[in-house]
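Chemist: Next comes the structure file upload_6.txt, holding compact mmCIF, C-alpha atoms.
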# COMPACT_ATOMS: atom_id res chain seq x y z
CA MET A 1 -39.40 -12.46 -24.76
CA LEU A 2 -39.96 -12.98 -28.47
CA ASN A 3 -37.03 -10.69 -29.30
CA LEU A 4 -34.77 -12.69 -26.98
CA MET A 5 -35.73 -15.90 -28.76
CA LYS A 6 -34.97 -14.33 -32.14
CA VAL A 7 -31.57 -13.14 -30.93
CA LEU A 8 -30.75 -16.62 -29.61
CA VAL A 9 -31.71 -18.21 -32.93
CA VAL A 10 -29.55 -15.71 -34.85
CA LEU A 11 -26.61 -16.36 -32.53
CA ALA A 12 -27.11 -20.11 -32.92
CA ALA A 13 -27.06 -19.73 -36.72
CA LEU A 14 -23.90 -17.61 -36.53
CA ALA A 15 -22.19 -20.17 -34.29
CA PHE A 16 -23.20 -22.92 -36.74
CA VAL A 17 -21.70 -21.03 -39.68
CA ILE A 18 -18.46 -20.38 -37.79
CA ALA A 19 -18.29 -24.06 -36.78
CA LEU A 20 -18.91 -25.16 -40.36
CA ILE A 21 -16.24 -22.85 -41.79
CA GLY A 22 -13.83 -23.82 -39.04
CA SER A 23 -14.28 -27.54 -39.58
CA LEU A 24 -13.89 -27.26 -43.36
CA THR A 25 -10.85 -24.97 -43.34
CA GLY A 26 -9.20 -25.83 -40.03
CA PHE A 27 -9.38 -22.16 -39.02
CA PHE A 28 -9.70 -21.49 -35.28
CA PHE A 29 -11.70 -18.30 -34.69
CA LEU A 30 -10.67 -16.62 -31.40
CA ASN A 31 -8.68 -19.78 -30.50
CA VAL A 32 -11.88 -21.79 -30.05
CA SER A 33 -12.18 -25.10 -31.87
CA PRO A 34 -15.12 -25.72 -34.22
CA GLU A 35 -16.53 -28.20 -31.69
CA GLY A 36 -16.90 -25.35 -29.22
CA TYR A 37 -18.99 -23.36 -31.66
CA SER A 38 -21.01 -26.45 -32.50
CA ARG A 39 -21.83 -26.94 -28.82
CA ALA A 40 -22.68 -23.25 -28.47
CA CYS A 41 -25.01 -23.52 -31.47
CA THR A 42 -26.84 -26.46 -29.95
CA ASN A 43 -27.08 -24.88 -26.50
CA LEU A 44 -28.39 -21.55 -27.82
CA ALA A 45 -31.00 -23.32 -29.94
CA LEU A 46 -32.13 -25.42 -26.99
CA ILE A 47 -32.43 -22.34 -24.77
CA ALA A 48 -34.56 -20.64 -27.44
CA ILE A 49 -36.81 -23.70 -27.69
CA ALA A 50 -37.17 -23.88 -23.90
CA LEU A 51 -38.08 -20.19 -23.72
CA LYS A 52 -40.66 -20.68 -26.46
CA PHE A 53 -42.30 -23.54 -24.57
CA ALA A 54 -42.21 -21.58 -21.32
CA PHE A 55 -43.76 -18.58 -23.05
CA ILE A 56 -46.53 -20.73 -24.58
CA ALA A 57 -47.22 -22.46 -21.26
CA ASP A 58 -47.37 -19.08 -19.53
CA LYS A 59 -50.14 -17.80 -21.84
CA LYS A 60 -52.47 -20.81 -21.54
CA PRO A 61 -55.31 -20.35 -19.05
CA VAL A 62 -55.51 -22.91 -16.28
For this file, produce the structure as structure tokens.
Modeler:
Amino acid sequence: MLNLMKVLVVLAALAFVIALIGSLTGFFFLNVSPEGYSRACTNLALIAIALKFAFIADKKPV
């Protein structure tokens, strides 16, 4: 689970960089607008955060 969270964070960072470069240069990577990569960045980061909270909640004794 920890590896999945790390992969999601790396993908979110990559999407952020592509969105940043796309918005500054006007370059459309794979015919997707920079806003699409920005949304992907946010969604991947939120999924990683949710998995982290679920993983923490799963380890706490009741």
Chemist: Give me, as a PyMOL selection string, all polymer residues having an atom no more than 12 Å from Lys6 of chain A, counting all atoms listed in the file and skipping those fewer than 3 positions away in the same chain.
Modeler: chain A and resi 1-3+9-13+44-45+47-49+51-52
Chemist: Quick one: residues within 12 Å of Gly36 of chain A, all atoms listed in the file, excluding same-chain residues fewer than 6 positions away - as a ChimeraX atom specification?
Modeler: /A:15-16,18-20,22-23,28-30,42-43
Chemist: I'd like the interatomic distance between atom CA of Ala50 of chain A and atom CA of Ser38 of chain A, to a tenth of an Å.
Modeler: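 Calculated distance between atom CA of Ala50 of chain A and atom CA of Ser38 of chain A is 18.5 Å.
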Chemist: Assuming the input is short of atoms at segment 26-49 of chain A, produce N, CA and C atoms for that part as a PDB file, keeping the file's coordinate frame.
Modeler:
ATOM      1  N   GLY A  26     -10.160 -25.652 -41.102  1.00  0.00           N
ATOM      2  CA  GLY A  26      -9.200 -25.830 -40.030  1.00  0.00           C
ATOM      3  C   GLY A  26      -8.847 -24.523 -39.337  1.00  0.00           C
ATOM      4  N   PHE A  27      -9.618 -23.478 -39.598  1.00  0.00           N
ATOM      5  CA  PHE A  27      -9.380 -22.160 -39.020  1.00  0.00           C
ATOM      6  C   PHE A  27     -10.004 -22.088 -37.638  1.00  0.00           C
ATOM      7  N   PHE A  28      -9.220 -21.636 -36.652  1.00  0.00           N
ATOM      8  CA  PHE A  28      -9.700 -21.490 -35.280  1.00  0.00           C
ATOM      9  C   PHE A  28     -10.009 -20.023 -35.048  1.00  0.00           C
ATOM     10  N   PHE A  29     -11.277 -19.680 -34.920  1.00  0.00           N
ATOM     11  CA  PHE A  29     -11.700 -18.300 -34.690  1.00  0.00           C
ATOM     12  C   PHE A  29     -11.645 -18.001 -33.204  1.00  0.00           C
ATOM     13  N   LEU A  30     -10.875 -17.009 -32.803  1.00  0.00           N
ATOM     14  CA  LEU A  30     -10.670 -16.620 -31.400  1.00  0.00           C
ATOM     15  C   LEU A  30     -10.133 -17.779 -30.560  1.00  0.00           C
ATOM     16  N   ASN A  31      -9.301 -18.623 -31.165  1.00  0.00           N
ATOM     17  CA  ASN A  31      -8.680 -19.780 -30.500  1.00  0.00           C
ATOM     18  C   ASN A  31      -9.694 -20.736 -29.884  1.00  0.00           C
ATOM     19  N   VAL A  32     -10.857 -20.827 -30.490  1.00  0.00           N
ATOM     20  CA  VAL A  32     -11.880 -21.790 -30.050  1.00  0.00           C
ATOM     21  C   VAL A  32     -12.053 -22.793 -31.183  1.00  0.00           C
ATOM     22  N   SER A  33     -12.044 -24.068 -30.842  1.00  0.00           N
ATOM     23  CA  SER A  33     -12.180 -25.100 -31.870  1.00  0.00           C
ATOM     24  C   SER A  33     -13.597 -25.098 -32.442  1.00  0.00           C
ATOM     25  N   PRO A  34     -13.770 -25.650 -33.630  1.00  0.00           N
ATOM     26  CA  PRO A  34     -15.120 -25.720 -34.220  1.00  0.00           C
ATOM     27  C   PRO A  34     -16.114 -26.492 -33.349  1.00  0.00           C
ATOM     28  N   GLU A  35     -15.623 -27.451 -32.573  1.00  0.00           N
ATOM     29  CA  GLU A  35     -16.530 -28.200 -31.690  1.00  0.00           C
ATOM     30  C   GLU A  35     -17.134 -27.287 -30.626  1.00  0.00           C
ATOM     31  N   GLY A  36     -16.384 -26.303 -30.192  1.00  0.00           N
ATOM     32  CA  GLY A  36     -16.900 -25.350 -29.220  1.00  0.00           C
ATOM     33  C   GLY A  36     -18.051 -24.535 -29.778  1.00  0.00           C
ATOM     34  N   TYR A  37     -17.904 -24.110 -31.029  1.00  0.00           N
ATOM     35  CA  TYR A  37     -18.990 -23.360 -31.660  1.00  0.00           C
ATOM     36  C   TYR A  37     -20.184 -24.254 -31.958  1.00  0.00           C
ATOM     37  N   SER A  38     -19.910 -25.513 -32.272  1.00  0.00           N
ATOM     38  CA  SER A  38     -21.010 -26.450 -32.500  1.00  0.00           C
ATOM     39  C   SER A  38     -21.820 -26.652 -31.225  1.00  0.00           C
ATOM     40  N   ARG A  39     -21.128 -26.786 -30.105  1.00  0.00           N
ATOM     41  CA  ARG A  39     -21.830 -26.940 -28.820  1.00  0.00           C
ATOM     42  C   ARG A  39     -22.597 -25.670 -28.473  1.00  0.00           C
ATOM     43  N   ALA A  40     -21.993 -24.519 -28.738  1.00  0.00           N
ATOM     44  CA  ALA A  40     -22.680 -23.250 -28.470  1.00  0.00           C
ATOM     45  C   ALA A  40     -23.937 -23.136 -29.316  1.00  0.00           C
ATOM     46  N   CYS A  41     -23.855 -23.558 -30.580  1.00  0.00           N
ATOM     47  CA  CYS A  41     -25.010 -23.520 -31.470  1.00  0.00           C
ATOM     48  C   CYS A  41     -26.152 -24.365 -30.901  1.00  0.00           C
ATOM     49  N   THR A  42     -25.825 -25.565 -30.501  1.00  0.00           N
ATOM     50  CA  THR A  42     -26.840 -26.460 -29.950  1.00  0.00           C
ATOM     51  C   THR A  42     -27.434 -25.903 -28.661  1.00  0.00           C
ATOM     52  N   ASN A  43     -26.589 -25.408 -27.776  1.00  0.00           N
ATOM     53  CA  ASN A  43     -27.080 -24.880 -26.500  1.00  0.00           C
ATOM     54  C   ASN A  43     -27.960 -23.656 -26.688  1.00  0.00           C
ATOM     55  N   LEU A  44     -27.572 -22.740 -27.570  1.00  0.00           N
ATOM     56  CA  LEU A  44     -28.390 -21.550 -27.820  1.00  0.00           C
ATOM     57  C   LEU A  44     -29.745 -21.933 -28.420  1.00  0.00           C
ATOM     58  N   ALA A  45     -29.739 -22.883 -29.336  1.00  0.00           N
ATOM     59  CA  ALA A  45     -31.000 -23.320 -29.940  1.00  0.00           C
ATOM     60  C   ALA A  45     -31.905 -23.975 -28.894  1.00  0.00           C
ATOM     61  N   LEU A  46     -31.326 -24.774 -28.022  1.00  0.00           N
ATOM     62  CA  LEU A  46     -32.130 -25.420 -26.990  1.00  0.00           C
ATOM     63  C   LEU A  46     -32.696 -24.412 -25.989  1.00  0.00           C
ATOM     64  N   ILE A  47     -31.925 -23.387 -25.659  1.00  0.00           N
ATOM     65  CA  ILE A  47     -32.430 -22.340 -24.770  1.00  0.00           C
ATOM     66  C   ILE A  47     -33.590 -21.599 -25.426  1.00  0.00           C
ATOM     67  N   ALA A  48     -33.472 -21.311 -26.732  1.00  0.00           N
ATOM     68  CA  ALA A  48     -34.560 -20.640 -27.440  1.00  0.00           C
ATOM     69  C   ALA A  48     -35.820 -21.499 -27.470  1.00  0.00           C
ATOM     70  N   ILE A  49     -35.656 -22.795 -27.679  1.00  0.00           N
ATOM     71  CA  ILE A  49     -36.810 -23.700 -27.690  1.00  0.00           C
ATOM     72  C   ILE A  49     -37.451 -23.758 -26.298  1.00  0.00           C
TER      73      ILE A  49
END
